[in-house]
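Asks: Okay, here's the structure, questions in a sec.
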Amino acid sequence: MARRPPPTTPWRYFLWLATRRKGLMAAALVTSAIALGGLPILPYFLTGAVDNGLAERDWGALAAWTGGLVGAGFVSAAAIVWSHRLTVYWRMDAAYRTLQLATRKVNGLGDELRRKVTTGQVVSVGATDVRRIAEAVDGLSPLVGCAVGLIAVGLLLFNTSVTLGLTIFIGVFAVGLITGPLLTRLQARQQAYRDRIGDITDRSSDIVSGLRVLRGIGGERRFSASYRVDSQELRKAGYKVAGPQAWLNALGEGTPAILLGVVVWIAGRQVASGQITPGQMVAAFGYTSAMLLPVHWLIGTSYRIIEGRVACGKVCKLLNVPSRPAPEHPQAGPEAGADLHDPESGLTVGGGELIAVASAESGQVADLFDRLGGYTDAEARFGGVPVSDMDRDELRRRVLVAEHDAYLFAGTVAAVIGAREGADRVAKAVDAASAGDVVEALPDGLDTELDNQVRTLSGGQRQRLRLARALAADTEILLLHEPTSAVDSHTEARIAGRLAAARTGKATAVATTSPLWLGRADKVAFVQNGKVVAVGTHHELDEQRPDYRALVTREAE
């Protein structure tokens with residue numbers, strides 16, 4: 001299990017990820033240093049083969065130096081294979097830890113997720129950031145190996161000629177001076193680009209989730225036009241990222257070639273003047289040629305690490321979202337049958353009754369239910385126990401707040417409605433929610449596989465599946481927020497009757513202004529400005545409260 005790191009900066013989070021498996025990290029770096037750092041050493045054997053074998057016509061020496069070259073090649077090849085294998089393990093470990101932390105955080109936020117984190121943030125972490133971070137960790141091995149290789153080239157050239165060694169070190173230093181500002185600019189533009197991706201993901205998810213409504217009010221074209229504008233801005237941000245990246249690629253391809261030309265020119269003059277041997281010139285050419293791959297990889301890994309740093313920033317932003325703290329000393333809940341009371345509104349749910357909560361402000365009732373369910377800090381009490389002090393798991397088992405647009409996950413119909421409740425309870429819940437016709441119309445009934453949010457079904461059909469899921473949980477207290485707002489009146493009347501029978505002896509509160517529910521309820525709580533202003537049967541309130549009657553009549557029309 002991944003231990004939660006302290007919420008720190010992106011670089012510190014990246015370092016934390018890279019060092020979780022220290023043995024694996026050390027093995028990957030050492031094998032990379034041998035694999036890539038050893039490549040420039042191979043031309044050393046050419047020097048011996050040319051000077052001691054060919055020049056002296058000593059075939060034994062030539063065979064020995066050639067055998068050494070072949071042996072070093074095999075060692076280098078084996079090191080490359082093991083380095084790659086270990087790096088893959090290292091990369092996947094970092095990706096899994098990030099995914100595990102993000103998933104745990106999202107699960108921990110629970111109902112607070114939608115209030116504190118945008119859809120784009122969550123989607124980008126799972127779809128992009130995890131992969132970018134893994135690639136950045138993957139780049140650490142060749143980064144170290146290439147650095148060792150460059151140092152090895154410099155030292156070998158110094159051993160051959162001080163002038164050649166200085167040429168390499170001055171060239172690498174100059175490349176570093178040019179690359180530094182480019183990397184800084186690339187990081188800033190990459191950050192802006194990722195922010196744009198998050199914005200456009202939010203916009204697209206909003207359009208998809210509200211497409212049916214947008215079409216109904218004629219707003220689809222307007223939102224599509226807005227999305228196109230955002231897409232153009234994203235494309236411009238991508239072009240800005242491409243500029244520094246192109247310069248980095250040019251440096252990666254061009255710098256080694258320029259240095260190679262300079263080294264060959266200097267080495268040729270030194271051979272002509274007798275300062276070095278022909279074999280040393282061949283070796284100098286080989287050393288410098290061996291830099292082509294390390295320099296190219298250094299530039300590429302630098303870009304990947306910059307992308308990884310930006311991705312780490314996105315992950316840190318998600319991990320640092322404050323969660324509502326759990327009670328330090330959770331209390332056990334009251335005995336079964338206790339009332340659930342919200343002092344702020346004055347609403348009490350309990351006694352095994354079906355209570356309808358009528359209000360012109362649907363959002364206020366939703367907030368009221370959230371307080372009763374312990375989703376927001378409040379003074380609500382379950383019996384004599386403050387809801388905020390109860391054990392969260394026990395509270396969720398006993399009190400369920402069911403929203404009319406709650407998320408429907410992928411899976412079979414039976415699993416979506418009640419993964420652990422059993423077939424009998426699922427069947428009863430489907431019947432109580434009047435969803436039998438929905439299930440029967442599906443190809444395999446309860447065994448039909450559904451996609452996320454089941455967009456192939458109508459809004460009313462999805463709503464009945466959500467209601468069936470809530471009923472299958474069979475909690476002690478059930479708080480339903482407008483459970484039949486998308487169904488026709490005949491289906492609504494049937495659901496109200498069946499639900500009342502199915503929930504006999506258990507407390508149920510339904511937020512609604514439909515007379516079909518109000519007339520069926522044991523009592524009605526009339527809420528204005530977030531406060532219960534009257535309680536009674538539907539007929540009593542209809543006779544005594546003109547404002548209540550006006551609300552219900554308007555809803556009925």
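Following the order of the structure tokens, first chain is A, next is B, and so on, with residues numbered from 1 inside each chain and ligands from 1 in the order they appear.
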Can you check which residues of segment 278-477 of chain A DSSP gives as strand (DSSP E) on the backbone and send them as a PDB file with N, CA and C atoms, in the first residue's frame?
Replies:
```
ATOM      1  N   LEU A 340     -34.191  11.097  13.411  1.00  0.00           N
ATOM      2  CA  LEU A 340     -33.102  11.886  12.840  1.00  0.00           C
ATOM      3  C   LEU A 340     -33.598  13.333  12.756  1.00  0.00           C
ATOM      4  N   HIS A 341     -32.889  14.230  13.443  1.00  0.00           N
ATOM      5  CA  HIS A 341     -33.397  15.608  13.587  1.00  0.00           C
ATOM      6  C   HIS A 341     -32.352  16.621  13.144  1.00  0.00           C
ATOM      7  N   ASP A 342     -32.826  17.634  12.404  1.00  0.00           N
ATOM      8  CA  ASP A 342     -31.976  18.739  11.955  1.00  0.00           C
ATOM      9  C   ASP A 342     -32.436  20.018  12.649  1.00  0.00           C
ATOM     10  N   LEU A 347     -36.617  19.912  10.911  1.00  0.00           N
ATOM     11  CA  LEU A 347     -37.184  18.690  10.348  1.00  0.00           C
ATOM     12  C   LEU A 347     -36.754  17.481  11.167  1.00  0.00           C
ATOM     13  N   THR A 348     -37.716  16.612  11.427  1.00  0.00           N
ATOM     14  CA  THR A 348     -37.452  15.348  12.099  1.00  0.00           C
ATOM     15  C   THR A 348     -37.955  14.207  11.233  1.00  0.00           C
ATOM     16  N   VAL A 349     -37.106  13.221  11.004  1.00  0.00           N
ATOM     17  CA  VAL A 349     -37.457  12.049  10.220  1.00  0.00           C
ATOM     18  C   VAL A 349     -37.335  10.835  11.117  1.00  0.00           C
ATOM     19  N   LEU A 354     -43.602   7.736   6.303  1.00  0.00           N
ATOM     20  CA  LEU A 354     -43.260   8.303   5.003  1.00  0.00           C
ATOM     21  C   LEU A 354     -43.556   9.798   5.079  1.00  0.00           C
ATOM     22  N   ILE A 355     -42.500  10.597   5.037  1.00  0.00           N
ATOM     23  CA  ILE A 355     -42.632  12.044   5.191  1.00  0.00           C
ATOM     24  C   ILE A 355     -42.286  12.706   3.868  1.00  0.00           C
ATOM     25  N   ALA A 356     -43.147  13.578   3.411  1.00  0.00           N
ATOM     26  CA  ALA A 356     -42.868  14.368   2.217  1.00  0.00           C
ATOM     27  C   ALA A 356     -42.386  15.748   2.656  1.00  0.00           C
ATOM     28  N   VAL A 357     -41.321  16.219   2.012  1.00  0.00           N
ATOM     29  CA  VAL A 357     -40.765  17.538   2.318  1.00  0.00           C
ATOM     30  C   VAL A 357     -41.017  18.420   1.107  1.00  0.00           C
ATOM     31  N   ALA A 358     -41.902  19.389   1.269  1.00  0.00           N
ATOM     32  CA  ALA A 358     -42.302  20.250   0.155  1.00  0.00           C
ATOM     33  C   ALA A 358     -41.671  21.623   0.306  1.00  0.00           C
ATOM     34  N   SER A 359     -41.044  22.087  -0.766  1.00  0.00           N
ATOM     35  CA  SER A 359     -40.408  23.403  -0.748  1.00  0.00           C
ATOM     36  C   SER A 359     -40.292  23.911  -2.171  1.00  0.00           C
ATOM     37  N   ARG A 381     -28.799  15.496  14.703  1.00  0.00           N
ATOM     38  CA  ARG A 381     -28.639  14.445  15.709  1.00  0.00           C
ATOM     39  C   ARG A 381     -29.457  13.228  15.307  1.00  0.00           C
ATOM     40  N   PHE A 382     -28.863  12.078  15.541  1.00  0.00           N
ATOM     41  CA  PHE A 382     -29.523  10.794  15.310  1.00  0.00           C
ATOM     42  C   PHE A 382     -29.813  10.223  16.683  1.00  0.00           C
ATOM     43  N   VAL A 385     -27.329  11.198  19.543  1.00  0.00           N
ATOM     44  CA  VAL A 385     -25.929  11.212  19.088  1.00  0.00           C
ATOM     45  C   VAL A 385     -25.767  12.226  17.957  1.00  0.00           C
ATOM     46  N   PRO A 386     -24.824  13.164  18.092  1.00  0.00           N
ATOM     47  CA  PRO A 386     -24.566  14.091  16.971  1.00  0.00           C
ATOM     48  C   PRO A 386     -24.129  13.309  15.735  1.00  0.00           C
ATOM     49  N   VAL A 399     -28.248   5.417   7.289  1.00  0.00           N
ATOM     50  CA  VAL A 399     -28.898   6.578   6.681  1.00  0.00           C
ATOM     51  C   VAL A 399     -28.381   6.732   5.257  1.00  0.00           C
ATOM     52  N   LEU A 400     -29.294   6.765   4.297  1.00  0.00           N
ATOM     53  CA  LEU A 400     -28.908   6.906   2.898  1.00  0.00           C
ATOM     54  C   LEU A 400     -29.575   8.137   2.295  1.00  0.00           C
ATOM     55  N   VAL A 401     -28.750   9.018   1.709  1.00  0.00           N
ATOM     56  CA  VAL A 401     -29.253  10.160   0.958  1.00  0.00           C
ATOM     57  C   VAL A 401     -29.143   9.811  -0.524  1.00  0.00           C
ATOM     58  N   ALA A 402     -30.266   9.705  -1.206  1.00  0.00           N
ATOM     59  CA  ALA A 402     -30.289   9.283  -2.613  1.00  0.00           C
ATOM     60  C   ALA A 402     -30.717  10.454  -3.484  1.00  0.00           C
ATOM     61  N   GLU A 403     -29.817  10.915  -4.346  1.00  0.00           N
ATOM     62  CA  GLU A 403     -30.128  12.003  -5.259  1.00  0.00           C
ATOM     63  C   GLU A 403     -30.760  11.453  -6.530  1.00  0.00           C
ATOM     64  N   GLY A 411     -21.544  -1.896 -15.298  1.00  0.00           N
ATOM     65  CA  GLY A 411     -21.682  -3.235 -14.761  1.00  0.00           C
ATOM     66  C   GLY A 411     -23.017  -3.830 -15.162  1.00  0.00           C
ATOM     67  N   THR A 412     -23.292  -5.023 -14.690  1.00  0.00           N
ATOM     68  CA  THR A 412     -24.594  -5.614 -14.968  1.00  0.00           C
ATOM     69  C   THR A 412     -25.667  -4.842 -14.216  1.00  0.00           C
ATOM     70  N   GLU A 449     -25.125  -5.933 -19.472  1.00  0.00           N
ATOM     71  CA  GLU A 449     -24.020  -5.045 -19.129  1.00  0.00           C
ATOM     72  C   GLU A 449     -24.378  -3.607 -19.507  1.00  0.00           C
ATOM     73  N   LEU A 450     -24.190  -2.702 -18.561  1.00  0.00           N
ATOM     74  CA  LEU A 450     -24.488  -1.289 -18.776  1.00  0.00           C
ATOM     75  C   LEU A 450     -23.208  -0.476 -18.778  1.00  0.00           C
ATOM     76  N   ILE A 477     -33.065   4.594   7.506  1.00  0.00           N
ATOM     77  CA  ILE A 477     -33.656   5.874   7.107  1.00  0.00           C
ATOM     78  C   ILE A 477     -33.222   6.167   5.679  1.00  0.00           C
TER      79      ILE A 477
END
```
Asks: Given only C-alpha atoms as the basis, pick out the residue of A:Pro10, A:Gly383, A:Gly286, A:Pro142 nearest to Leu318 of chain A.
Replies: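 Once distances to Leu318 of chain A are computed over only C-alpha atoms, the minimum belongs to A:Pro10.
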Asks: Residues of segment 240-480 of chain A classed as helix (DSSP H, G or I) by DSSP on the backbone are to be reported as a PDB file with C-alpha atoms, in the first residue's frame.
Replies:
```
ATOM      1  CA  LYS A 240       3.534  27.636 -27.957  1.00  0.00           C
ATOM      2  CA  VAL A 241       4.762  24.386 -26.405  1.00  0.00           C
ATOM      3  CA  ALA A 242       6.054  23.223 -29.780  1.00  0.00           C
ATOM      4  CA  GLY A 243       8.480  26.159 -30.163  1.00  0.00           C
ATOM      5  CA  PRO A 244      10.837  25.420 -27.228  1.00  0.00           C
ATOM      6  CA  GLN A 245      10.454  21.687 -27.868  1.00  0.00           C
ATOM      7  CA  ALA A 246      11.601  22.124 -31.479  1.00  0.00           C
ATOM      8  CA  TRP A 247      14.665  24.087 -30.352  1.00  0.00           C
ATOM      9  CA  LEU A 248      15.499  21.368 -27.828  1.00  0.00           C
ATOM     10  CA  ASN A 249      15.207  18.700 -30.510  1.00  0.00           C
ATOM     11  CA  ALA A 250      17.442  20.767 -32.786  1.00  0.00           C
ATOM     12  CA  LEU A 251      20.050  21.028 -30.042  1.00  0.00           C
ATOM     13  CA  GLY A 252      19.819  17.295 -29.406  1.00  0.00           C
ATOM     14  CA  GLU A 253      20.388  16.450 -33.053  1.00  0.00           C
ATOM     15  CA  GLY A 254      22.770  19.229 -34.065  1.00  0.00           C
ATOM     16  CA  THR A 255      25.112  19.675 -31.099  1.00  0.00           C
ATOM     17  CA  PRO A 256      26.775  16.228 -31.274  1.00  0.00           C
ATOM     18  CA  ALA A 257      27.293  16.587 -35.031  1.00  0.00           C
ATOM     19  CA  ILE A 258      28.970  19.982 -34.584  1.00  0.00           C
ATOM     20  CA  LEU A 259      31.180  18.681 -31.774  1.00  0.00           C
ATOM     21  CA  LEU A 260      32.052  15.633 -33.850  1.00  0.00           C
ATOM     22  CA  GLY A 261      33.208  17.834 -36.725  1.00  0.00           C
ATOM     23  CA  VAL A 262      35.312  20.017 -34.416  1.00  0.00           C
ATOM     24  CA  VAL A 263      36.905  17.001 -32.697  1.00  0.00           C
ATOM     25  CA  VAL A 264      37.761  15.306 -36.020  1.00  0.00           C
ATOM     26  CA  TRP A 265      39.296  18.530 -37.351  1.00  0.00           C
ATOM     27  CA  ILE A 266      41.430  19.028 -34.222  1.00  0.00           C
ATOM     28  CA  ALA A 267      42.386  15.339 -34.026  1.00  0.00           C
ATOM     29  CA  GLY A 268      43.391  15.324 -37.732  1.00  0.00           C
ATOM     30  CA  ARG A 269      45.731  18.266 -37.212  1.00  0.00           C
ATOM     31  CA  GLN A 270      47.236  16.613 -34.136  1.00  0.00           C
ATOM     32  CA  VAL A 271      47.859  13.360 -36.044  1.00  0.00           C
ATOM     33  CA  ALA A 272      49.550  15.358 -38.806  1.00  0.00           C
ATOM     34  CA  PRO A 278      46.154   7.350 -35.827  1.00  0.00           C
ATOM     35  CA  GLY A 279      44.598   4.878 -33.383  1.00  0.00           C
ATOM     36  CA  GLN A 280      43.981   7.691 -30.893  1.00  0.00           C
ATOM     37  CA  MET A 281      42.321   9.724 -33.638  1.00  0.00           C
ATOM     38  CA  VAL A 282      40.032   6.772 -34.438  1.00  0.00           C
ATOM     39  CA  ALA A 283      39.245   6.470 -30.735  1.00  0.00           C
ATOM     40  CA  ALA A 284      38.533  10.222 -30.454  1.00  0.00           C
ATOM     41  CA  PHE A 285      36.126   9.901 -33.377  1.00  0.00           C
ATOM     42  CA  GLY A 286      34.478   6.915 -31.650  1.00  0.00           C
ATOM     43  CA  TYR A 287      34.255   8.695 -28.297  1.00  0.00           C
ATOM     44  CA  THR A 288      32.556  11.696 -29.819  1.00  0.00           C
ATOM     45  CA  SER A 289      30.280   9.573 -32.007  1.00  0.00           C
ATOM     46  CA  LEU A 292      25.258  11.274 -30.236  1.00  0.00           C
ATOM     47  CA  LEU A 293      22.885   8.963 -28.386  1.00  0.00           C
ATOM     48  CA  PRO A 294      23.490  10.316 -24.840  1.00  0.00           C
ATOM     49  CA  VAL A 295      23.022  13.943 -25.870  1.00  0.00           C
ATOM     50  CA  HIS A 296      19.884  13.119 -27.830  1.00  0.00           C
ATOM     51  CA  TRP A 297      18.478  11.190 -24.875  1.00  0.00           C
ATOM     52  CA  LEU A 298      19.441  13.905 -22.414  1.00  0.00           C
ATOM     53  CA  ILE A 299      17.369  16.433 -24.325  1.00  0.00           C
ATOM     54  CA  GLY A 300      14.435  14.016 -24.602  1.00  0.00           C
ATOM     55  CA  THR A 301      14.509  13.019 -20.939  1.00  0.00           C
ATOM     56  CA  SER A 302      14.726  16.673 -19.885  1.00  0.00           C
ATOM     57  CA  TYR A 303      11.491  17.325 -21.768  1.00  0.00           C
ATOM     58  CA  ARG A 304       9.835  14.275 -20.209  1.00  0.00           C
ATOM     59  CA  ILE A 305      10.885  15.337 -16.723  1.00  0.00           C
ATOM     60  CA  ILE A 306       9.453  18.815 -17.338  1.00  0.00           C
ATOM     61  CA  GLU A 307       6.165  17.206 -18.366  1.00  0.00           C
ATOM     62  CA  GLY A 308       6.352  14.986 -15.290  1.00  0.00           C
ATOM     63  CA  ARG A 309       6.890  17.998 -13.043  1.00  0.00           C
ATOM     64  CA  VAL A 310       3.759  19.667 -14.453  1.00  0.00           C
ATOM     65  CA  ALA A 311       1.812  16.432 -13.974  1.00  0.00           C
ATOM     66  CA  CYS A 312       3.069  16.173 -10.385  1.00  0.00           C
ATOM     67  CA  GLY A 313       1.730  19.675  -9.797  1.00  0.00           C
ATOM     68  CA  LYS A 314      -1.720  18.541 -10.975  1.00  0.00           C
ATOM     69  CA  VAL A 315      -1.604  15.480  -8.733  1.00  0.00           C
ATOM     70  CA  CYS A 316      -0.440  17.532  -5.736  1.00  0.00           C
ATOM     71  CA  LYS A 317      -3.310  19.948  -6.310  1.00  0.00           C
ATOM     72  CA  LEU A 318      -5.739  17.029  -6.078  1.00  0.00           C
ATOM     73  CA  LEU A 319      -4.021  15.428  -3.076  1.00  0.00           C
ATOM     74  CA  SER A 362     -35.182  22.279  -4.159  1.00  0.00           C
ATOM     75  CA  GLY A 363     -31.575  23.171  -3.351  1.00  0.00           C
ATOM     76  CA  GLN A 364     -32.448  24.041   0.235  1.00  0.00           C
ATOM     77  CA  VAL A 365     -34.000  20.615   0.769  1.00  0.00           C
ATOM     78  CA  ALA A 366     -30.916  19.012  -0.782  1.00  0.00           C
ATOM     79  CA  ASP A 367     -28.759  20.889   1.750  1.00  0.00           C
ATOM     80  CA  LEU A 368     -31.095  19.790   4.538  1.00  0.00           C
ATOM     81  CA  PHE A 369     -30.743  16.138   3.514  1.00  0.00           C
ATOM     82  CA  ASP A 370     -26.957  16.517   3.315  1.00  0.00           C
ATOM     83  CA  ARG A 371     -26.940  17.751   6.916  1.00  0.00           C
ATOM     84  CA  LEU A 372     -29.071  14.815   8.056  1.00  0.00           C
ATOM     85  CA  VAL A 387     -24.407  12.932  13.377  1.00  0.00           C
ATOM     86  CA  SER A 388     -20.977  14.562  12.983  1.00  0.00           C
ATOM     87  CA  ASP A 389     -19.604  12.390  15.827  1.00  0.00           C
ATOM     88  CA  ARG A 392     -19.001   7.185   9.190  1.00  0.00           C
ATOM     89  CA  ASP A 393     -19.400   3.567   8.140  1.00  0.00           C
ATOM     90  CA  GLU A 394     -22.252   2.998  10.582  1.00  0.00           C
ATOM     91  CA  LEU A 395     -23.946   6.232   9.509  1.00  0.00           C
ATOM     92  CA  ARG A 396     -23.775   5.226   5.836  1.00  0.00           C
ATOM     93  CA  ARG A 397     -25.233   1.805   6.629  1.00  0.00           C
ATOM     94  CA  ARG A 398     -28.184   3.299   8.500  1.00  0.00           C
ATOM     95  CA  VAL A 413     -28.025  -4.285 -14.008  1.00  0.00           C
ATOM     96  CA  ALA A 414     -28.024  -6.528 -10.962  1.00  0.00           C
ATOM     97  CA  ALA A 415     -24.618  -5.228  -9.865  1.00  0.00           C
ATOM     98  CA  VAL A 416     -25.596  -1.600 -10.462  1.00  0.00           C
ATOM     99  CA  ILE A 417     -28.739  -1.968  -8.345  1.00  0.00           C
ATOM    100  CA  GLY A 418     -27.310  -4.103  -5.556  1.00  0.00           C
ATOM    101  CA  ALA A 423     -31.010 -11.477  -6.117  1.00  0.00           C
ATOM    102  CA  ASP A 424     -34.185 -11.519  -4.020  1.00  0.00           C
ATOM    103  CA  ARG A 425     -33.695  -8.025  -2.636  1.00  0.00           C
ATOM    104  CA  VAL A 426     -32.730  -6.693  -6.056  1.00  0.00           C
ATOM    105  CA  ALA A 427     -35.907  -8.120  -7.582  1.00  0.00           C
ATOM    106  CA  LYS A 428     -38.050  -6.544  -4.841  1.00  0.00           C
ATOM    107  CA  ALA A 429     -36.306  -3.190  -5.282  1.00  0.00           C
ATOM    108  CA  VAL A 430     -36.874  -3.279  -9.059  1.00  0.00           C
ATOM    109  CA  ASP A 431     -40.567  -3.949  -8.487  1.00  0.00           C
ATOM    110  CA  ALA A 432     -40.935  -1.225  -5.852  1.00  0.00           C
ATOM    111  CA  GLY A 436     -39.558  -4.019 -14.171  1.00  0.00           C
ATOM    112  CA  ASP A 437     -40.379  -2.860 -17.695  1.00  0.00           C
ATOM    113  CA  VAL A 438     -36.960  -1.210 -17.940  1.00  0.00           C
ATOM    114  CA  VAL A 439     -35.181  -4.440 -17.013  1.00  0.00           C
ATOM    115  CA  GLU A 440     -37.384  -6.614 -19.237  1.00  0.00           C
ATOM    116  CA  GLY A 445     -32.486  -8.590 -18.216  1.00  0.00           C
ATOM    117  CA  LEU A 446     -30.640  -8.188 -14.911  1.00  0.00           C
ATOM    118  CA  ASP A 447     -27.506  -9.675 -16.508  1.00  0.00           C
ATOM    119  CA  ASN A 452     -21.357   4.415 -17.180  1.00  0.00           C
ATOM    120  CA  GLN A 453     -24.453   6.574 -16.686  1.00  0.00           C
ATOM    121  CA  VAL A 454     -26.435   4.260 -19.028  1.00  0.00           C
ATOM    122  CA  GLY A 459     -33.928  10.051 -18.017  1.00  0.00           C
ATOM    123  CA  GLY A 460     -36.981   8.467 -16.405  1.00  0.00           C
ATOM    124  CA  GLN A 461     -35.620   4.945 -16.879  1.00  0.00           C
ATOM    125  CA  ARG A 462     -32.280   5.878 -15.325  1.00  0.00           C
ATOM    126  CA  GLN A 463     -34.093   7.543 -12.448  1.00  0.00           C
ATOM    127  CA  ARG A 464     -36.019   4.358 -11.702  1.00  0.00           C
ATOM    128  CA  LEU A 465     -32.772   2.354 -11.679  1.00  0.00           C
ATOM    129  CA  ARG A 466     -31.326   4.844  -9.192  1.00  0.00           C
ATOM    130  CA  LEU A 467     -34.415   4.514  -7.016  1.00  0.00           C
ATOM    131  CA  ALA A 468     -34.188   0.709  -7.186  1.00  0.00           C
ATOM    132  CA  ARG A 469     -30.557   0.944  -6.069  1.00  0.00           C
ATOM    133  CA  ALA A 470     -31.550   3.115  -3.101  1.00  0.00           C
ATOM    134  CA  LEU A 471     -34.357   0.741  -2.113  1.00  0.00           C
ATOM    135  CA  ALA A 472     -32.108  -2.317  -2.432  1.00  0.00           C
ATOM    136  CA  ALA A 473     -29.801  -0.853   0.222  1.00  0.00           C
TER     137      ALA A 473
END
```
Asks: For each of A:Ser489, A:Thr504, A:Ser345, A:Thr87, take the minimum atom-to-atom distance to Ala525 of chain A, counting only C-alpha atoms, then give the residue where this is smallest.
Replies: A:Ser345
Asks: For segment 547-550 of chain A, work out the shell of residues within 12 Å, counting only C-alpha atoms and skipping chain neighbours fewer than 5 positions away, then give it as number ranges by chain.
Replies: A: 357-360, 513-515, 518, 524-528, 532-542, 555-557
Asks: In Å, rounded to a single decimal, give me how far atom CA of Pro343 of chain A is from atom CA of Pro327 of chain A.
Replies: 20.1 Å
Asks: Quick one, how far is atom CA of Ala501 of chain A from atom CA of Gln544 of chain A?
Replies: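 Atom CA of Ala501 of chain A sits 28.4 Å away from atom CA of Gln544 of chain A.
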Asks: Compile the contact shell of Leu29 of chain A as a list in words: residues with an atom at most 10 Å away, counting only C-alpha atoms, same-chain residues fewer than 6 positions apart removed.
Replies: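 Contacts, in chain order: Gly23, Ala35, Ser83, Leu86, Thr87, Leu140, Ser141, Pro142, Leu143, Val144 and Gly145 of chain A.
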Asks: Hey, what's within 12 Å of segment 98-100 of chain A if we count only C-alpha atoms and toss same-chain stuff fewer than 4 positions away? As a PyMOL selection string, please?
Replies: chain A and resi 1-5+13-14+16-18+20+91-94+104-108+122-134+137+308+311-312+314-316+318-319
Asks: Put those residues in a file: C-alpha atoms, as a PDB file, in the first residue's frame.
Replies:
```
ATOM      1  CA  MET A   1       0.000   0.000   0.000  1.00  0.00           C
ATOM      2  CA  ALA A   2       1.248   3.454  -0.877  1.00  0.00           C
ATOM      3  CA  ARG A   3       1.883   5.679   2.113  1.00  0.00           C
ATOM      4  CA  ARG A   4       0.378   9.124   1.782  1.00  0.00           C
ATOM      5  CA  PRO A   5       3.217  11.588   1.156  1.00  0.00           C
ATOM      6  CA  TYR A  13       6.451  14.740  -4.734  1.00  0.00           C
ATOM      7  CA  PHE A  14       8.382  13.539  -7.792  1.00  0.00           C
ATOM      8  CA  TRP A  16       9.231  10.986  -3.110  1.00  0.00           C
ATOM      9  CA  LEU A  17       7.825   8.784  -5.875  1.00  0.00           C
ATOM     10  CA  ALA A  18      11.255   8.030  -7.330  1.00  0.00           C
ATOM     11  CA  ARG A  20       9.977   4.677  -2.662  1.00  0.00           C
ATOM     12  CA  ARG A  91       8.162   3.394 -13.822  1.00  0.00           C
ATOM     13  CA  MET A  92       5.151   1.172 -13.155  1.00  0.00           C
ATOM     14  CA  ASP A  93       5.693   1.422  -9.412  1.00  0.00           C
ATOM     15  CA  ALA A  94       5.535   5.230  -9.611  1.00  0.00           C
ATOM     16  CA  ARG A 104      -7.830   6.994  -2.325  1.00  0.00           C
ATOM     17  CA  LYS A 105      -8.162  10.770  -2.237  1.00  0.00           C
ATOM     18  CA  VAL A 106     -11.195  10.762  -4.532  1.00  0.00           C
ATOM     19  CA  ASN A 107     -12.815   8.023  -2.452  1.00  0.00           C
ATOM     20  CA  GLY A 108     -11.981   9.932   0.721  1.00  0.00           C
ATOM     21  CA  VAL A 122      -9.913  14.137 -11.922  1.00  0.00           C
ATOM     22  CA  VAL A 123     -10.005  13.044 -15.558  1.00  0.00           C
ATOM     23  CA  SER A 124      -6.614  14.558 -16.388  1.00  0.00           C
ATOM     24  CA  VAL A 125      -4.951  12.796 -13.442  1.00  0.00           C
ATOM     25  CA  GLY A 126      -6.195   9.383 -14.539  1.00  0.00           C
ATOM     26  CA  ALA A 127      -5.922   9.882 -18.285  1.00  0.00           C
ATOM     27  CA  THR A 128      -2.729  11.909 -18.636  1.00  0.00           C
ATOM     28  CA  ASP A 129      -0.844  12.794 -15.468  1.00  0.00           C
ATOM     29  CA  VAL A 130      -0.187   9.243 -14.275  1.00  0.00           C
ATOM     30  CA  ARG A 131       1.382   8.407 -17.636  1.00  0.00           C
ATOM     31  CA  ARG A 132       3.446  11.628 -17.709  1.00  0.00           C
ATOM     32  CA  ILE A 133       4.819  10.962 -14.228  1.00  0.00           C
ATOM     33  CA  ALA A 134       5.702   7.375 -15.146  1.00  0.00           C
ATOM     34  CA  VAL A 137      10.572   8.483 -13.703  1.00  0.00           C
ATOM     35  CA  GLY A 308       6.352  14.986 -15.290  1.00  0.00           C
ATOM     36  CA  ALA A 311       1.812  16.432 -13.974  1.00  0.00           C
ATOM     37  CA  CYS A 312       3.069  16.173 -10.385  1.00  0.00           C
ATOM     38  CA  LYS A 314      -1.720  18.541 -10.975  1.00  0.00           C
ATOM     39  CA  VAL A 315      -1.604  15.480  -8.733  1.00  0.00           C
ATOM     40  CA  CYS A 316      -0.440  17.532  -5.736  1.00  0.00           C
ATOM     41  CA  LEU A 318      -5.739  17.029  -6.078  1.00  0.00           C
ATOM     42  CA  LEU A 319      -4.021  15.428  -3.076  1.00  0.00           C
TER      43      LEU A 319
END
```
Asks: Give the answer as one residue: which of A:Leu516, A:Thr376, A:Ala521, A:Tyr96 has the shortest atom-to-atom distance to Ala500 of chain A, using only C-alpha atoms?
Replies: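 Using only C-alpha atoms, the shortest distance to Ala500 of chain A belongs to A:Ala521.
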Asks: Taking into account only C-alpha atoms, which residue in the set A:Ala486, A:Leu150, A:Thr8, A:Lys531 is nearest to Asp405 of chain A?
Replies: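 Smallest distance to Asp405 of chain A is found for A:Ala486.
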Asks: How many Å separate atom CA of Arg494 of chain A from atom CA of Arg545 of chain A?
Replies: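 These two atoms are separated by 27.4 Å.
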